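Dumped run29.cif below, it's mmCIF, C-alpha atoms:
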```cif
data_query
#
loop_
_atom_site.label_atom_id
_atom_site.label_comp_id
_atom_site.auth_asym_id
_atom_site.auth_seq_id
_atom_site.Cartn_x
_atom_site.Cartn_y
_atom_site.Cartn_z
CA MET A 1 104.11 21.42 253.88
CA ALA A 2 105.84 20.18 250.78
CA VAL A 3 104.81 21.91 247.59
CA SER A 4 104.78 19.94 244.38
CA GLU A 5 107.15 21.91 242.18
CA LYS A 6 106.62 20.11 238.94
CA ARG A 7 102.87 19.88 239.05
CA THR A 8 101.86 23.40 239.84
CA LEU A 9 103.03 25.12 236.70
CA ALA A 10 103.41 22.11 234.44
CA GLY A 11 102.08 22.68 230.96
CA LEU A 12 101.78 26.44 231.34
CA ASP A 13 103.77 28.77 229.16
CA VAL A 14 104.92 32.36 229.35
CA ARG A 15 102.16 33.54 227.04
CA GLN A 16 99.53 32.78 229.68
CA ALA A 17 101.06 34.90 232.43
CA MET A 18 102.92 37.73 230.70
CA ARG A 19 101.76 41.32 230.56
CA ARG A 20 101.60 42.78 227.09
CA GLN A 21 101.75 46.40 228.22
CA LEU A 22 105.40 47.24 227.64
CA VAL A 23 106.58 50.31 229.51
CA ALA A 24 109.59 51.80 227.74
CA LEU A 25 111.56 55.02 227.54
CA ASN A 26 114.33 56.29 225.34
CA VAL A 27 117.74 55.53 226.79
CA ASN A 28 118.54 59.25 226.88
CA SER A 29 115.56 60.06 229.10
CA LYS A 30 116.32 61.61 232.47
CA ILE A 31 116.06 59.93 235.83
CA HIS A 32 113.12 62.13 236.85
CA GLN A 33 111.26 60.98 233.74
CA GLY A 34 112.05 57.41 234.67
CA ILE A 35 110.61 57.92 238.14
CA ASN A 36 107.44 59.44 236.70
CA THR A 37 107.03 56.44 234.42
CA LEU A 38 107.64 53.92 237.20
CA ILE A 39 105.03 55.62 239.38
CA LYS A 40 102.48 56.35 236.68
CA TYR A 41 102.36 52.83 235.27
CA LYS A 42 102.94 51.12 238.62
CA VAL A 43 105.80 49.03 237.32
CA ASN A 44 109.05 48.05 238.99
CA ALA A 45 111.22 48.53 235.92
CA VAL A 46 111.32 50.37 232.61
CA LEU A 47 112.77 49.05 229.39
CA LEU A 48 115.18 51.49 227.75
CA THR A 49 115.36 51.64 223.99
CA ASP A 50 117.57 53.40 221.47
CA ASP A 51 116.33 55.93 218.92
CA LYS A 52 115.10 53.11 216.70
CA GLY A 53 113.16 51.43 219.49
CA ARG A 54 115.65 48.62 220.00
CA PRO A 55 116.03 47.46 223.63
CA GLU A 56 119.25 48.60 225.25
CA GLY A 57 118.80 48.02 228.95
CA VAL A 58 116.54 48.08 231.98
CA VAL A 59 116.21 50.47 234.89
CA SER A 60 114.46 49.23 238.01
CA LYS A 61 113.34 50.95 241.19
CA THR A 62 116.41 49.46 242.83
CA ASP A 63 118.64 51.21 240.30
CA VAL A 64 116.84 54.52 240.87
CA MET A 65 117.19 54.10 244.62
CA GLY A 66 120.92 53.57 244.04
CA ALA A 67 121.04 56.85 242.12
CA TYR A 68 119.33 58.56 245.06
CA TYR A 69 121.88 57.09 247.45
CA ALA A 70 124.71 58.18 245.15
CA GLN A 71 123.11 61.64 244.99
CA LEU A 72 123.01 61.73 241.20
CA PRO A 73 121.19 64.78 239.83
CA LEU A 74 117.64 64.00 238.75
CA ASP A 75 118.39 65.17 235.22
CA SER A 76 121.11 62.55 234.74
CA PRO A 77 120.35 60.17 231.86
CA LEU A 78 118.88 56.80 232.72
CA SER A 79 121.70 55.20 230.75
CA PHE A 80 123.98 56.04 233.71
CA ILE A 81 122.16 53.58 235.93
CA MET A 82 120.69 50.98 233.56
CA ASN A 83 121.45 47.29 233.53
CA ALA A 84 122.32 46.04 230.07
CA PRO A 85 121.41 44.06 228.13
CA PRO A 86 117.86 43.09 229.16
CA HIS A 87 117.20 39.41 229.86
CA TYR A 88 114.71 37.64 227.65
CA CYS A 89 112.58 34.56 227.40
CA MET A 90 110.49 33.35 224.49
CA ILE A 91 106.72 33.59 224.53
CA SER A 92 106.46 29.83 224.07
CA ASP A 93 108.87 28.97 226.91
CA SER A 94 107.39 27.08 229.82
CA LEU A 95 106.76 29.03 233.00
CA GLU A 96 108.94 26.49 234.81
CA ASP A 97 111.88 27.36 232.57
CA ALA A 98 111.24 31.09 232.87
CA LEU A 99 111.16 30.87 236.65
CA GLU A 100 114.38 28.87 236.65
CA GLN A 101 116.00 31.48 234.46
CA MET A 102 114.90 34.30 236.76
CA ARG A 103 116.09 32.45 239.82
CA GLY A 104 119.41 31.52 238.23
CA LEU A 105 120.11 35.09 237.19
CA GLY A 106 118.81 36.57 240.43
CA ILE A 107 116.42 38.86 238.58
CA TYR A 108 112.76 39.68 238.97
CA ARG A 109 111.55 39.98 235.40
CA LEU A 110 112.16 38.76 231.88
CA TYR A 111 111.21 40.54 228.71
CA VAL A 112 109.31 38.33 226.33
CA LYS A 113 110.12 37.88 222.64
CA ASP A 114 107.90 36.37 220.00
CA ARG A 115 108.88 34.19 217.07
CA ARG A 116 110.05 37.24 215.12
CA ARG A 117 112.38 38.09 218.02
CA GLU A 118 110.45 41.25 218.81
CA VAL A 119 109.79 42.22 222.42
CA VAL A 120 106.07 41.79 223.04
CA GLY A 121 105.73 41.80 226.81
CA VAL A 122 107.21 41.26 230.22
CA LEU A 123 106.99 38.49 232.78
CA ALA A 124 107.50 39.12 236.50
CA TYR A 125 106.83 37.11 239.63
CA PRO A 126 103.51 38.80 240.43
CA ASP A 127 102.19 37.89 236.99
CA ILE A 128 102.75 34.21 237.72
CA VAL A 129 101.11 34.48 241.12
CA GLY A 130 98.20 36.27 239.53
CA LEU A 131 97.73 33.46 237.05
CA LEU A 132 97.83 30.87 239.81
CA TYR A 133 95.36 32.86 241.85
CA ARG A 134 92.93 32.95 238.97
CA PHE A 135 93.15 29.19 238.54
CA CYS A 136 92.57 28.71 242.23
CA HIS A 137 89.66 31.10 242.19
CA ASP A 138 87.93 29.18 239.41
CA CYS A 139 88.73 25.77 240.85
CA LYS A 140 85.99 23.45 242.05
CA PHE A 141 88.17 22.65 245.02
CA SER A 142 88.48 26.31 245.92
CA ARG A 143 87.77 27.24 249.48
CA LEU A 144 85.14 29.54 248.02
CA ALA A 145 83.37 26.66 246.35
CA GLY A 146 81.61 25.19 249.34
CA SER A 147 81.48 21.70 250.71
CA SER A 148 84.75 20.31 249.40
CA ILE A 149 86.59 22.89 251.44
CA GLN A 150 86.00 21.06 254.68
CA LYS A 151 87.39 17.82 253.34
CA LEU A 152 90.50 19.38 251.84
CA ALA A 153 91.10 21.63 254.80
CA ALA A 154 90.84 18.67 257.10
CA ASN A 155 93.49 16.94 255.05
CA GLY A 156 95.74 19.94 255.41
CA ASN A 157 95.85 20.50 251.70
CA TYR A 158 95.41 24.23 251.79
CA LEU A 159 98.50 26.35 252.16
CA LYS A 160 98.75 28.99 254.80
CA VAL A 161 100.79 32.14 254.88
CA ARG A 162 103.32 30.59 257.24
CA ASP A 163 104.14 27.92 254.62
CA VAL A 164 105.71 30.37 252.17
CA MET A 165 106.49 33.54 254.12
CA THR A 166 110.01 34.78 254.78
CA ALA A 167 110.40 34.28 258.50
CA SER A 168 112.63 37.24 259.19
CA VAL A 169 111.98 40.94 259.19
CA GLU A 170 114.42 43.80 258.97
CA VAL A 171 113.38 46.91 260.82
CA VAL A 172 114.52 50.50 261.06
CA ASP A 173 113.70 53.01 263.73
CA GLN A 174 111.33 55.77 262.69
CA GLY A 175 114.09 58.25 263.50
CA ALA A 176 116.54 56.59 261.09
CA GLU A 177 117.78 58.66 258.19
CA LEU A 178 116.72 57.71 254.67
CA SER A 179 120.32 56.88 253.76
CA ALA A 180 120.30 54.22 256.49
CA VAL A 181 116.96 52.88 255.23
CA MET A 182 118.44 52.47 251.75
CA GLU A 183 121.44 50.65 253.18
CA VAL A 184 119.18 48.14 254.90
CA LEU A 185 117.13 47.55 251.76
CA THR A 186 120.25 47.10 249.66
CA ALA A 187 122.03 44.80 252.11
CA HIS A 188 119.08 42.43 252.39
CA ARG A 189 117.66 42.82 248.87
CA PHE A 190 114.26 43.63 250.31
CA GLY A 191 111.63 45.68 248.56
CA ALA A 192 110.44 47.27 251.80
CA VAL A 193 111.43 47.61 255.40
CA LEU A 194 109.33 47.80 258.55
CA VAL A 195 109.58 51.05 260.47
CA VAL A 196 109.20 50.75 264.22
CA ALA A 197 108.49 53.21 266.99
CA GLU A 198 109.58 53.03 270.61
CA GLY A 199 109.38 49.55 272.06
CA GLY A 200 109.52 48.00 268.60
CA ARG A 201 105.88 48.79 267.84
CA PRO A 202 105.23 48.70 264.05
CA ALA A 203 104.69 52.27 262.87
CA GLY A 204 104.87 52.07 259.10
CA VAL A 205 106.57 50.72 256.01
CA ILE A 206 109.05 52.24 253.60
CA SER A 207 109.23 50.71 250.16
CA LYS A 208 111.46 51.48 247.22
CA THR A 209 108.51 53.34 245.75
CA ASP A 210 108.43 55.66 248.76
CA LEU A 211 112.16 56.25 248.38
CA ILE A 212 112.13 57.08 244.69
CA LEU A 213 109.24 59.47 245.32
CA ALA A 214 111.34 61.13 248.04
CA TYR A 215 114.15 61.44 245.49
CA ARG A 216 111.76 62.93 242.94
CA HIS A 217 110.38 65.38 245.51
CA GLY A 218 113.85 66.59 246.44
CA LEU A 219 114.00 65.24 250.00
CA GLY A 220 117.48 65.03 251.46
CA GLN A 221 118.81 61.73 252.70
CA ALA A 222 119.02 63.09 256.24
CA GLU A 223 115.22 63.13 256.44
CA LYS A 224 113.76 60.74 258.98
CA ALA A 225 112.04 57.50 258.05
CA SER A 226 108.82 58.69 259.67
CA VAL A 227 108.54 61.48 257.08
CA ILE A 228 107.96 59.19 254.12
CA MET A 229 106.74 55.93 255.64
CA SER A 230 103.28 54.72 254.77
CA SER A 231 101.05 53.64 257.59
CA PRO A 232 99.30 51.70 258.91
CA VAL A 233 101.33 48.57 258.27
CA ARG A 234 99.48 46.20 255.95
CA SER A 235 99.64 42.81 257.55
CA CYS A 236 97.97 39.44 257.79
CA ARG A 237 97.88 36.61 260.31
CA LYS A 238 100.46 33.87 260.10
CA ASP A 239 97.68 31.28 260.04
CA GLN A 240 95.65 33.01 257.35
CA TRP A 241 94.93 31.04 254.20
CA LEU A 242 97.49 31.82 251.53
CA GLU A 243 94.73 32.31 248.99
CA GLU A 244 93.21 35.11 251.05
CA ALA A 245 96.55 36.85 251.49
CA ILE A 246 97.37 36.65 247.79
CA ARG A 247 93.93 37.92 246.94
CA SER A 248 94.41 40.85 249.27
CA MET A 249 97.73 41.74 247.64
CA ILE A 250 96.53 41.36 244.08
CA LEU A 251 93.38 43.38 244.56
CA SER A 252 95.11 46.07 246.59
CA ASP A 253 98.10 46.53 244.29
CA ILE A 254 100.56 45.80 247.04
CA HIS A 255 103.55 43.57 246.67
CA ARG A 256 103.91 42.37 250.26
CA LEU A 257 102.15 41.86 253.53
CA PHE A 258 103.88 41.73 256.87
CA VAL A 259 102.89 38.68 258.83
CA HIS A 260 101.90 38.73 262.48
CA GLU A 261 101.00 36.24 265.18
CA GLU A 262 97.70 36.70 266.95
CA ARG A 263 98.59 40.25 267.99
CA ALA A 264 98.88 42.66 265.06
CA ASP A 265 101.99 44.33 266.50
CA ASP A 266 103.83 41.02 266.80
CA ILE A 267 105.38 40.95 263.32
CA VAL A 268 107.17 37.67 262.58
CA GLY A 269 107.64 37.60 258.82
CA VAL A 270 106.91 38.97 255.37
CA LEU A 271 104.90 37.48 252.54
CA SER A 272 105.59 38.89 249.11
CA LEU A 273 104.13 37.96 245.76
CA SER A 274 107.66 36.94 244.80
CA ASP A 275 107.76 34.50 247.73
CA ALA A 276 104.53 32.98 246.53
CA ALA A 277 105.84 32.64 242.97
CA ARG A 278 109.14 31.17 244.00
CA ALA A 279 107.38 28.59 246.15
CA ARG A 280 105.33 27.75 243.07
CA SER A 281 102.25 27.49 245.12
CA GLY A 282 98.71 27.99 244.18
CA SER A 283 96.62 28.02 247.28
CA CYS A 284 96.31 24.27 247.68
CA GLN A 285 97.60 20.94 246.46
CA ALA A 286 94.68 20.43 244.13
CA CYS A 287 95.92 22.88 241.54
CA VAL A 288 96.51 20.27 238.84
CA SER A 289 92.82 19.48 238.91
CA SER A 290 91.90 23.12 239.00
CA ARG A 291 94.00 23.94 236.00
CA ILE A 292 92.58 21.14 233.90
CA ASN A 293 89.16 22.27 234.95
CA VAL A 294 89.83 25.81 233.80
CA GLU A 295 91.37 24.86 230.52
CA SER A 296 88.63 22.50 229.54
CA MET B 1 94.31 86.30 207.39
CA GLY B 2 92.09 83.91 209.23
CA THR B 3 91.07 82.77 212.64
CA LYS B 4 94.02 82.09 214.88
CA ALA B 5 94.59 80.14 218.03
CA LYS B 6 94.33 83.31 220.12
CA ASP B 7 90.85 83.95 218.70
CA ILE B 8 89.31 80.74 219.95
CA MET B 9 91.40 80.00 223.01
CA GLU B 10 89.94 80.07 226.50
CA LYS B 11 91.64 82.85 228.44
CA GLU B 12 90.43 81.78 231.85
CA PHE B 13 91.82 78.43 232.74
CA PRO B 14 92.74 76.52 235.88
CA THR B 15 96.35 75.55 236.48
CA ILE B 16 97.94 73.54 239.24
CA CYS B 17 101.45 73.42 240.63
CA ALA B 18 103.55 70.33 239.96
CA ALA B 19 104.30 70.05 243.68
CA ALA B 20 100.59 69.99 244.60
CA ARG B 21 99.05 66.82 245.95
CA LEU B 22 97.17 64.72 243.45
CA THR B 23 94.09 65.07 245.62
CA GLU B 24 94.17 68.82 244.95
CA ALA B 25 94.16 68.21 241.20
CA ILE B 26 91.19 65.89 241.54
CA GLU B 27 89.30 68.50 243.54
CA LEU B 28 90.16 71.23 241.02
CA ILE B 29 88.98 69.14 238.09
CA ARG B 30 85.73 68.37 239.88
CA LYS B 31 85.11 71.99 240.87
CA ALA B 32 86.04 73.38 237.46
CA GLY B 33 83.64 70.91 235.93
CA SER B 34 80.80 72.11 238.10
CA LYS B 35 81.07 75.66 236.70
CA GLY B 36 79.66 74.83 233.31
CA ARG B 37 82.52 73.59 231.17
CA ARG B 38 83.51 70.00 231.66
CA VAL B 39 87.22 69.95 232.45
CA PHE B 40 89.10 66.78 231.66
CA GLY B 41 92.60 68.00 232.40
CA LEU B 42 94.75 70.76 233.79
CA MET B 43 97.88 72.60 232.80
CA VAL B 44 100.64 72.01 235.33
CA VAL B 45 103.04 74.82 236.19
CA ASP B 46 106.37 74.84 237.99
CA GLY B 47 107.45 77.19 240.76
CA ASP B 48 108.05 79.98 238.24
CA ASN B 49 104.57 79.58 236.78
CA LYS B 50 105.99 78.11 233.58
CA LEU B 51 104.19 75.27 231.84
CA ALA B 52 105.64 72.01 233.19
CA GLY B 53 103.17 69.54 231.74
CA MET B 54 99.57 68.41 231.60
CA ILE B 55 97.56 66.16 233.86
CA SER B 56 94.30 64.64 232.74
CA MET B 57 91.55 62.43 234.09
CA TYR B 58 93.15 59.70 232.01
CA ASP B 59 96.47 60.03 233.85
CA ILE B 60 94.70 59.81 237.20
CA LEU B 61 92.47 56.91 236.21
CA LEU B 62 95.48 55.08 234.81
CA TYR B 63 97.03 55.32 238.26
CA LEU B 64 93.84 54.10 239.91
CA ARG B 65 93.57 51.09 237.63
CA PRO B 66 94.62 47.93 239.51
CA LYS B 67 97.90 46.65 238.15
CA HIS B 68 96.75 43.06 237.86
CA ILE B 69 93.31 43.69 236.45
CA HIS B 70 94.16 41.57 233.41
CA ILE B 71 94.07 38.43 235.50
CA TRP B 72 90.79 39.25 237.24
CA GLY B 73 88.88 37.77 234.36
CA ASN B 74 85.28 37.24 235.20
CA MET B 75 85.69 37.07 238.96
CA GLU B 76 82.35 38.43 239.99
CA ASP B 77 82.96 38.41 243.72
CA ILE B 78 85.49 41.22 243.64
CA ASP B 79 84.84 43.96 246.14
CA VAL B 80 85.11 46.87 243.72
CA GLU B 81 84.40 49.46 246.41
CA GLY B 82 87.22 48.08 248.50
CA VAL B 83 89.59 48.14 245.56
CA ILE B 84 88.80 51.79 244.86
CA THR B 85 89.17 52.71 248.51
CA GLU B 86 92.56 51.05 248.56
CA ALA B 87 93.64 52.84 245.39
CA CYS B 88 92.53 56.20 246.78
CA ARG B 89 94.60 55.55 249.88
CA SER B 90 97.74 55.15 247.79
CA ILE B 91 97.15 58.54 246.18
CA ALA B 92 98.02 60.39 249.38
CA SER B 93 101.78 60.49 248.81
CA VAL B 94 101.63 61.24 245.10
CA GLN B 95 102.16 64.71 243.66
CA VAL B 96 100.76 66.09 240.41
CA GLY B 97 104.28 66.22 238.95
CA ASP B 98 104.67 62.47 239.49
CA LEU B 99 101.85 61.58 237.12
CA MET B 100 101.72 64.48 234.68
CA SER B 101 102.70 64.15 231.05
CA SER B 102 105.77 66.34 231.08
CA GLU B 103 106.26 66.86 227.37
CA ALA B 104 103.23 69.02 226.73
CA VAL B 105 102.47 69.92 223.13
CA THR B 106 101.88 73.66 222.76
CA ILE B 107 101.14 76.15 220.04
CA GLY B 108 101.72 79.87 219.54
CA PRO B 109 98.89 82.43 219.61
CA GLU B 110 99.33 83.34 215.95
CA ALA B 111 98.93 79.78 214.70
CA HIS B 112 96.09 79.35 212.21
CA ILE B 113 93.24 77.21 213.52
CA MET B 114 93.80 74.67 210.76
CA MET B 115 97.27 74.24 212.22
CA VAL B 116 95.63 73.80 215.63
CA LEU B 117 93.39 71.16 214.09
CA ASP B 118 96.36 69.42 212.49
CA VAL B 119 98.31 69.30 215.76
CA MET B 120 95.33 67.99 217.72
CA ILE B 121 94.67 65.24 215.20
CA LYS B 122 98.28 64.17 214.80
CA LYS B 123 99.04 64.19 218.50
CA HIS B 124 95.70 62.76 219.64
CA ILE B 125 95.10 65.60 222.08
CA ARG B 126 91.99 67.50 223.07
CA ARG B 127 93.57 70.39 224.95
CA LEU B 128 96.30 72.56 223.47
CA PRO B 129 98.02 75.19 225.62
CA VAL B 130 98.70 78.47 223.82
CA VAL B 131 102.04 79.93 224.89
CA ARG B 132 104.35 82.79 224.03
CA GLY B 133 107.81 81.91 225.26
CA ASP B 134 107.32 80.86 228.89
CA GLU B 135 104.03 82.68 229.26
CA ILE B 136 100.80 80.72 229.18
CA LEU B 137 98.19 82.74 227.29
CA GLY B 138 95.29 80.33 227.13
CA ILE B 139 94.13 76.92 226.08
CA VAL B 140 92.24 75.67 223.03
CA TYR B 141 89.71 72.93 223.71
CA ILE B 142 88.74 70.60 220.92
CA SER B 143 85.09 71.47 221.55
CA ASP B 144 85.81 75.15 220.79
CA LEU B 145 87.58 74.17 217.62
CA PHE B 146 84.71 71.88 216.65
CA ASN B 147 82.09 74.55 217.29
CA HIS B 148 84.05 77.22 215.45
CA LEU B 149 84.67 75.12 212.37
CA LEU B 150 81.27 73.48 212.15
CA GLY B 151 79.04 76.08 213.73
CA ARG B 152 78.41 77.66 210.33
CA LEU B 153 76.81 74.53 208.94
CA PRO B 154 73.10 75.06 208.35
CA GLU B 155 70.83 73.03 210.54
CA PRO B 156 69.61 69.88 208.83
CA GLU B 157 66.12 70.05 207.41
CA LYS B 158 63.53 68.18 209.44
#
```
Show how you would write the structure in this file as structure tokens.
Amino acid sequence: MAVSEKRTLAGLDVRQAMRRQLVALNVNSKIHQGINTLIKYKVNAVLLTDDKGRPEGVVSKTDVMGAYYAQLPLDSPLSFIMNAPPHYCMISDSLEDALEQMRGLGIYRLYVKDRRREVVGVLAYPDIVGLLYRFCHDCKFSRLAGSSIQKLAANGNYLKVRDVMTASVEVVDQGAELSAVMEVLTAHRFGAVLVVAEGGRPAGVISKTDLILAYRHGLGQAEKASVIMSSPVRSCRKDQWLEEAIRSMILSDIHRLFVHEERADDIVGVLSLSDAARARSGSCQACVSSRINVES
Amino acid sequence: MGTKAKDIMEKEFPTICAAARLTEAIELIRKAGSKGRRVFGLMVVDGDNKLAGMISMYDILLYLRPKHIHIWGNMEDIDVEGVITEACRSIASVQVGDLMSSEAVTIGPEAHIMMVLDVMIKKHIRRLPVVRGDEILGIVYISDLFNHLLGRLPEPEK
């Protein structure tokens, strides 16, 4: 199903989707402090600032996982692994432009500056999806709204998971060592990998969060995947409405769902909030109407 | 001379190891609270029983708070029970040391209580560990400080 790129986010700006809670640490903080902050505030990256509070760089879970792989001591300074300088957008930029910037740079977040050039927030893919979800939720054409659902559904206007999912899944055996798990995640730029048992049966998931916790807890890289994987695998049906899947992720604080056919152990893809943002989808083609409805 | 931190500190206090599961901290806070004093936080110790940080109800609730709650708006059909169940599930792999505030503010036993008051106000804290070197001697709760300083006020006339 073709998704109207220009219409979905047209007229929206960064201000409407950004988060104003800025999670920052001093650039001289240690890696273990960085991990604590990433876990405690449930963020994927921390802004690093100098002694005067000026932004110097960013450390993401990916960077911390790299430190784990490189076996850096936990009391190494975060400046060893930061990316500098941070990338910015302006609070008045359009979401379309911000998304283009993120895609062009291959990054997952932009820090947001106001007119005085001060950093006032952060914008990441899930924030955009969250905004779209809220519009869809309040829309008179929403599937939750009753009669109009039948008409729109019949016209095929509602998106399903299969329309935006990534139709490939990387797996590791539950006996794989953590170093091998990190290599898979790095090679494919995935946030999580499916862990399978004998016969390819899904047994669990290992995310970057699980790996940085393993690092923090002092686990060696020779530990098996099964030791730190989370289970059961959170999944949804390929034919499930996209709106339902996004809702499930947003309300459950998870960034991805594995996608299965009719049988739950037949995993055929992954749906992440980033996928949904990059596809610029709400949950249906009526989102222009829904947005006007909300704003009025 | 005057009242010092050691004079008003609580000498019996619960601690928890940084490597303990978060669920253990939650249980300890709940149990400690059922014994009379309401406990809102715990001192966290490392393997050598040295103070490693503090963990409070606030730290735990912060972790439970859904990340995207700011976009929930007035969605009244949210299954709050389900959200909490999901959040509790994610706690399983988290240790106390992952969420604790590691730079705990402390004070010595000989500190004057007005100094205790000053530290609590400036640092916005309600629990202040009393330490001598690496040894934890006790903890001053803001309620003890409040009662000590204001307990001498005559009761208002009715």
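A straight line drawn from CA of Ser168 in chain A to CA of Val268 in chain A is 6.4 Å long.
The residue that comes closest to chain A, out of B:Arg21, B:Arg126, B:His148, B:Lys4 and on the basis of all atoms listed in the file, is B:Arg21.
Closest approach to chain A among B:Glu155, B:Asp59, B:Asp46, B:Glu10 is made by B:Asp59 (distances from only C-alpha atoms).
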So which residues touch Leu110 in chain A within 7 Å, counting only C-alpha atoms, skipping near sequence neighbours fewer than 4 positions away, as number ranges by chain?
-> A: 87-89, 122-124
Return as a PyMOL selection string the residues belonging to chain A that are within 7 Å of chain B, counting only C-alpha atoms.
-> chain A and resi 36+39-42+130-131+134+250-253
Selected residues written out, C-alpha atoms, as an mmCIF file, in the coordinates of the input:
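Result file is result17.cif:
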```
data_model
loop_
_atom_site.group_PDB
_atom_site.id
_atom_site.type_symbol
_atom_site.label_atom_id
_atom_site.label_comp_id
_atom_site.auth_asym_id
_atom_site.auth_seq_id
_atom_site.Cartn_x
_atom_site.Cartn_y
_atom_site.Cartn_z
ATOM 1 C CA ASN A 36 107.440 59.440 236.700
ATOM 2 C CA ILE A 39 105.030 55.620 239.380
ATOM 3 C CA LYS A 40 102.480 56.350 236.680
ATOM 4 C CA TYR A 41 102.360 52.830 235.270
ATOM 5 C CA LYS A 42 102.940 51.120 238.620
ATOM 6 C CA GLY A 130 98.200 36.270 239.530
ATOM 7 C CA LEU A 131 97.730 33.460 237.050
ATOM 8 C CA ARG A 134 92.930 32.950 238.970
ATOM 9 C CA ILE A 250 96.530 41.360 244.080
ATOM 10 C CA LEU A 251 93.380 43.380 244.560
ATOM 11 C CA SER A 252 95.110 46.070 246.590
ATOM 12 C CA ASP A 253 98.100 46.530 244.290
#
```
Sphere at (91.7, 65.5, 232.2), radius 9 Å, counting all atoms listed in the file: residues as an NGL selection string = :B and (29 or 39-42 or 54-60 or 127)
Would you pick out the contacts of Met114 in chain B at 10 Å or less, using all atoms listed in the file, so that residues sharing its chain but fewer than 5 positions from it are not included, and give the list as a JSON list (two decimals) with C-alpha atoms, in the coordinates of the input?
```
[["chain", "number", "residue", "atom", "x", "y", "z"],
["B", 2, "GLY", "CA", 92.09, 83.91, 209.23],
["B", 3, "THR", "CA", 91.07, 82.77, 212.64],
["B", 4, "LYS", "CA", 94.02, 82.09, 214.88],
["B", 5, "ALA", "CA", 94.59, 80.14, 218.03],
["B", 119, "VAL", "CA", 98.31, 69.30, 215.76],
["B", 120, "MET", "CA", 95.33, 67.99, 217.72],
["B", 145, "LEU", "CA", 87.58, 74.17, 217.62],
["B", 149, "LEU", "CA", 84.67, 75.12, 212.37]]
```
Write out as a ChimeraX atom specification which residues come within 10 Å of range 190-201 of chain A when counting all atoms listed in the file, dropping same-chain ones fewer than 5 positions away.
-> /A:61-62,169-176,181-182,184-185,206-211,225-226,229-231,233,255-256,258,264-267,270,272
Step by step, work through what the PyMOL selection byres ((chain A and resi 16) around 10) selects in the shown file, and finish by giving those residues as number ranges by chain.
-> A: 12-15, 17-19, 91-92, 94-95, 123, 127-128, 131; B: 71
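Under the PyMOL selection byres ((chain B and resi 130) around 6), the matching residues in the shown file are Thr106, Ile107, Gly108, Pro109, Pro129, Val131, Leu137, Gly138 and Ile139 of chain B.
Picture a line from CA of Val227 in chain A to CA of Val43 in chain A; it runs 23.5 Å.
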Select all residues near (96.4, 76.5, 236.8) (cut-off 9 Å, inclusive, file coordinates), counting only C-alpha atoms, and output them as a PyMOL selection string.
-> chain B and resi 13-17+42-45+49
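In this structure, CA of Leu28 in chain B sits 25.7 Å away from CA of Asp7 in chain B.
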Taking every listed atom of range 146-156 of chain B and adding 3 Å to each side, what centre and edge lengths in Å (one decimal) does the axis-aligned box have, as lines of an AutoDock Vina configuration file?
```
center_x = 77.2
center_y = 73.8
center_z = 212.8
size_x = 21.1
size_y = 13.8
size_z = 14.9
```
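This file, queried with the PyMOL selection byres ((chain A and resi 71) around 12), gives the residues Ile31, Val64, Met65, Gly66, Ala67, Tyr68, Tyr69, Ala70, Leu72, Pro73, Leu74, Asp75, Ser76, Ser179, Ile212, Tyr215, Arg216, Gly218, Leu219, Gly220 and Gln221 of chain A.
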